[in-house]
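Asker: So I've got this file, input-v7.cif, and it contains mmCIF, C-alpha atoms:
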```cif
data_coords
#
loop_
_atom_site.label_atom_id
_atom_site.label_comp_id
_atom_site.auth_asym_id
_atom_site.auth_seq_id
_atom_site.Cartn_x
_atom_site.Cartn_y
_atom_site.Cartn_z
CA TRP A 1 18.95 11.20 0.45
CA PHE A 2 21.39 8.80 2.07
CA SER A 3 24.52 6.85 1.24
CA PHE A 4 23.72 3.27 0.39
CA PRO A 5 24.04 0.74 1.92
CA HIS A 6 25.43 2.47 5.02
CA ALA A 7 24.93 6.00 6.25
CA GLN A 8 25.91 7.61 9.50
CA ARG A 9 23.07 9.23 11.44
CA LEU A 10 23.79 12.92 11.91
CA ARG A 11 20.55 14.01 13.61
CA GLY A 12 16.99 12.90 14.29
CA GLY A 13 15.27 10.68 16.82
CA PRO A 14 15.35 6.93 17.46
CA ALA A 15 13.63 6.09 14.16
CA TYR A 16 16.73 7.37 12.35
CA VAL A 17 18.89 4.72 14.01
CA LEU A 18 17.14 2.15 11.81
CA SER A 19 18.86 0.81 8.73
CA GLN A 20 18.15 2.31 5.33
CA PHE A 21 15.98 -0.72 4.55
CA ALA A 22 13.83 -0.08 7.61
CA GLN A 23 13.62 3.64 6.87
CA SER A 24 12.79 2.94 3.22
CA LEU A 25 10.05 0.60 4.34
CA GLN A 26 8.27 3.47 6.06
CA LEU A 27 8.60 5.66 3.00
CA HIS A 28 7.47 2.95 0.60
CA ALA A 29 4.43 2.05 2.71
CA GLY A 30 3.11 5.60 2.70
CA PHE A 31 2.66 5.74 -1.06
CA PRO A 32 0.23 2.83 -1.58
CA MET A 33 -1.77 3.84 1.50
CA GLY A 34 -2.21 7.38 0.23
CA ALA A 35 -2.87 6.35 -3.36
CA ALA A 36 -5.57 3.84 -2.43
CA ARG A 37 -7.20 6.32 -0.03
CA ARG A 38 -7.27 8.89 -2.84
CA ALA A 39 -8.84 6.33 -5.21
CA LEU A 40 -11.63 5.68 -2.70
CA ASP A 41 -12.15 9.41 -2.18
CA GLU A 42 -12.28 10.04 -5.94
CA VAL A 43 -14.72 7.24 -6.73
CA THR A 44 -16.95 8.16 -3.78
CA LYS A 45 -17.13 11.76 -4.97
CA LEU A 46 -17.82 10.64 -8.55
CA ALA A 47 -20.43 8.07 -7.51
CA ARG A 48 -22.60 10.72 -5.87
CA THR A 49 -23.25 12.44 -9.21
CA LYS A 50 -22.50 9.92 -11.98
CA LYS A 51 -25.33 7.90 -13.49
CA ARG A 52 -24.91 4.92 -15.78
CA SER A 53 -26.69 5.05 -19.14
CA GLY A 54 -30.40 4.59 -18.63
CA ALA A 55 -30.16 4.58 -14.83
CA SER A 56 -32.38 6.84 -12.76
CA ASN A 57 -30.09 6.87 -9.71
CA SER A 58 -26.45 7.73 -9.19
CA ILE A 59 -23.85 5.00 -8.83
CA ALA A 60 -23.74 5.74 -5.10
CA LYS A 61 -27.37 4.60 -4.79
CA ARG A 62 -26.58 1.18 -6.26
CA THR A 63 -26.31 -1.56 -3.66
CA THR A 64 -23.51 -3.18 -5.66
CA PHE A 65 -21.45 -0.02 -5.24
CA GLN A 66 -22.23 0.24 -1.54
CA THR A 67 -21.42 -3.42 -0.86
CA GLY A 68 -18.13 -3.04 -2.73
CA LEU A 69 -17.17 0.21 -1.02
CA ALA A 70 -17.43 -1.18 2.51
CA PRO A 71 -14.96 -4.08 2.05
CA ALA A 72 -12.61 -1.87 0.03
CA HIS A 73 -12.37 0.47 3.02
CA ALA A 74 -12.00 -2.45 5.43
CA LYS A 75 -9.22 -4.10 3.39
CA LEU A 76 -7.25 -0.89 3.16
CA GLU A 77 -7.73 -0.02 6.84
CA GLY A 78 -6.70 -3.52 7.92
CA ALA A 79 -3.55 -3.41 5.81
CA ARG A 80 -2.78 0.11 7.06
CA LEU A 81 -3.12 -0.85 10.73
CA TYR A 82 -0.97 -3.94 10.31
CA MET A 83 1.69 -1.83 8.57
CA TYR A 84 1.63 0.72 11.39
CA ASP A 85 1.98 -2.12 13.90
CA CYS A 86 5.00 -3.52 12.04
CA ILE A 87 6.63 -0.10 11.88
CA ALA A 88 6.05 0.52 15.61
CA ARG A 89 7.54 -2.87 16.50
CA LEU A 90 10.45 -2.27 14.14
CA GLN A 91 11.25 1.04 15.83
CA LYS A 92 11.22 -0.63 19.27
CA ALA A 93 13.00 -3.86 18.33
CA GLU A 94 16.28 -4.81 19.95
CA GLN A 95 17.21 -6.62 16.74
CA GLU A 96 15.80 -5.10 13.57
CA ALA A 97 16.19 -8.45 11.79
CA ASP A 98 13.52 -9.94 14.08
CA VAL A 99 10.82 -7.69 12.58
CA LEU A 100 12.12 -6.48 9.20
CA PRO A 101 11.12 -9.59 7.16
CA GLU A 102 7.55 -9.37 8.47
CA ALA A 103 7.42 -5.62 7.89
CA ARG A 104 8.69 -5.96 4.31
CA SER A 105 6.19 -8.74 3.67
CA GLN A 106 3.46 -6.49 5.01
CA ALA A 107 4.62 -3.65 2.75
CA ARG A 108 4.17 -6.06 -0.17
CA HIS A 109 0.72 -7.02 1.09
CA LEU A 110 -0.23 -3.38 1.58
CA THR A 111 0.86 -2.55 -1.96
CA ASP A 112 -1.19 -5.45 -3.35
CA VAL A 113 -4.25 -4.43 -1.32
CA ALA A 114 -3.87 -0.81 -2.44
CA LEU A 115 -3.81 -1.89 -6.09
CA GLU A 116 -6.85 -4.13 -5.56
CA VAL A 117 -8.78 -1.26 -3.95
CA ALA A 118 -7.75 1.20 -6.68
CA LEU A 119 -8.75 -1.25 -9.44
CA TRP A 120 -12.16 -1.67 -7.82
CA ALA A 121 -12.56 2.13 -7.73
CA TYR A 122 -11.38 2.42 -11.34
CA ARG A 123 -13.95 -0.14 -12.52
CA GLN A 124 -16.75 1.63 -10.68
CA ALA A 125 -15.96 4.91 -12.44
CA GLY A 126 -16.73 3.47 -15.87
CA GLY A 127 -15.34 4.80 -19.13
CA SER A 128 -14.46 8.20 -17.73
CA ALA A 129 -11.65 6.55 -15.74
CA LEU A 130 -9.88 5.81 -19.03
CA ARG A 131 -9.23 9.48 -19.73
CA MET A 132 -5.68 10.67 -19.18
CA THR A 133 -7.10 13.43 -16.98
CA SER A 134 -8.73 10.92 -14.63
CA PRO A 135 -7.06 10.71 -11.21
CA LEU A 136 -8.16 7.07 -11.03
CA GLN A 137 -6.24 6.22 -14.19
CA HIS A 138 -3.12 7.85 -12.75
CA ILE A 139 -3.51 6.12 -9.39
CA VAL A 140 -3.92 2.66 -10.92
CA ARG A 141 -0.94 3.18 -13.21
CA ASP A 142 1.25 4.43 -10.37
CA LEU A 143 0.25 1.56 -8.11
CA MET A 144 1.02 -0.90 -10.89
CA GLY A 145 4.49 0.59 -10.89
CA ALA A 146 4.74 0.38 -7.10
CA THR A 147 4.07 -3.37 -7.22
CA GLN A 148 7.19 -3.74 -9.38
CA HIS A 149 9.50 -2.04 -6.88
CA VAL A 150 12.37 -4.25 -5.70
CA PHE A 151 11.54 -3.40 -2.10
CA VAL A 152 8.28 -5.36 -2.32
CA ASP A 153 9.24 -8.11 -4.74
CA GLU A 154 8.47 -11.80 -4.20
CA ALA A 155 11.64 -12.29 -2.16
CA THR A 156 10.00 -10.38 0.70
CA LEU A 157 7.32 -13.07 0.92
CA THR A 158 9.84 -15.90 0.65
CA GLU A 159 12.01 -14.44 3.40
CA TYR A 160 9.10 -13.98 5.82
CA GLY A 161 7.61 -17.35 4.90
CA SER A 162 10.94 -18.97 5.72
CA MET A 163 11.02 -17.08 9.03
CA LEU A 164 7.51 -18.38 9.83
CA LEU A 165 8.82 -21.91 9.20
CA GLY A 166 11.49 -21.39 11.82
CA GLY A 167 14.18 -19.90 9.63
CA SER A 168 14.38 -22.84 7.31
CA ASP A 169 16.47 -22.36 4.19
CA ASP A 170 14.15 -24.71 2.32
CA THR A 171 12.49 -22.69 -0.42
CA VAL A 172 10.59 -24.04 -3.36
#
```
Let me see the structure of the file written as structure tokens.
Answerer:
Amino acid sequence: WFSFPHAQRLRGGPAYVLSQFAQSLQLHAGFPMGAARRALDEVTKLARTKKRSGASNSIAKRTTFQTGLAPAHAKLEGARLYMYDCIARLQKAEQEADVLPEARSQARHLTDVALEVALWAYRQAGGSALRMTSPLQHIVRDLMGATQHVFVDEATLTEYGSMLLGGSDDTV
């Protein structure tokens, strides 16, 4: 939806003054957040009714499920809030380059956290998650693809790590 690498802004607010990389960051970050949230919603709904073989209670009644669900929510919420903070600072920055490496690194982290949360949900669902009709199977597969996107590749971590070291060009 834009010419790459440069496009002239024709309309829109201050957020549209950002480079395509900064605008893409916001778009890319939304997908893993939504996918992981959906995975938690799906497994929570399933856990209320699904029973493991020979179990008298639903998965939701198991303390192992409950103690896994709480940190999954916390991890996702923490990554989401940090991403929102990076985006807000990016939109207010005098120099986009001061924030963009951190924001891209956070997009990578968010994508990794989203996959971790979705994999946890997938495992909790048991064998039914293997079915092609399972939303959890689709979510995990799509998030696996999102981790391969060039926008969140390892270079994002290297760039921000270098920035944290004071802009050193020394990379291992």
Asker: On this file, the PyMOL selection byres ((chain A and resi 100-103) around 10) gives some set of residues; write that set as a ChimeraX atom specification.
Answerer: /A:19,21-22,25-26,29,82-90,93,95-99,104-109,155-164
Asker: Looking at A:Ala121, A:Gly145, A:Phe31, A:Leu18, which one is nearest to A:Ile59, with distances taken over all atoms listed in the file?
Answerer: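 Smallest separation from A:Ile59 among the options: A:Ala121.
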Asker: My list of candidates is A:Val117, A:Leu40, A:Val17, A:Lys50. Which is closest to A:Arg62 when distances are computed with all atoms listed in the file?
Answerer: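 Residue with the minimum atom-to-atom distance to A:Arg62: A:Lys50.
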Asker: Rounded to one decimal, what separation in Å do you get between atom CA of A:Met144 and atom CA of A:Ala60?
Answerer: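 Between atom CA of A:Met144 and atom CA of A:Ala60 the gap is 26.3 Å.
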Asker: Kindly give the distance, in Å, that separates atom CA of A:Ser134 and atom CA of A:Leu119, rounded to a single decimal.
Answerer: 13.2 Å
Asker: What is the distance, in Å and to one decimal place, between atom CA of A:Arg123 and atom CA of A:Ala70?
Answerer: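 Answer for the atom CA of A:Arg123 to atom CA of A:Ala70 separation: 15.5 Å.
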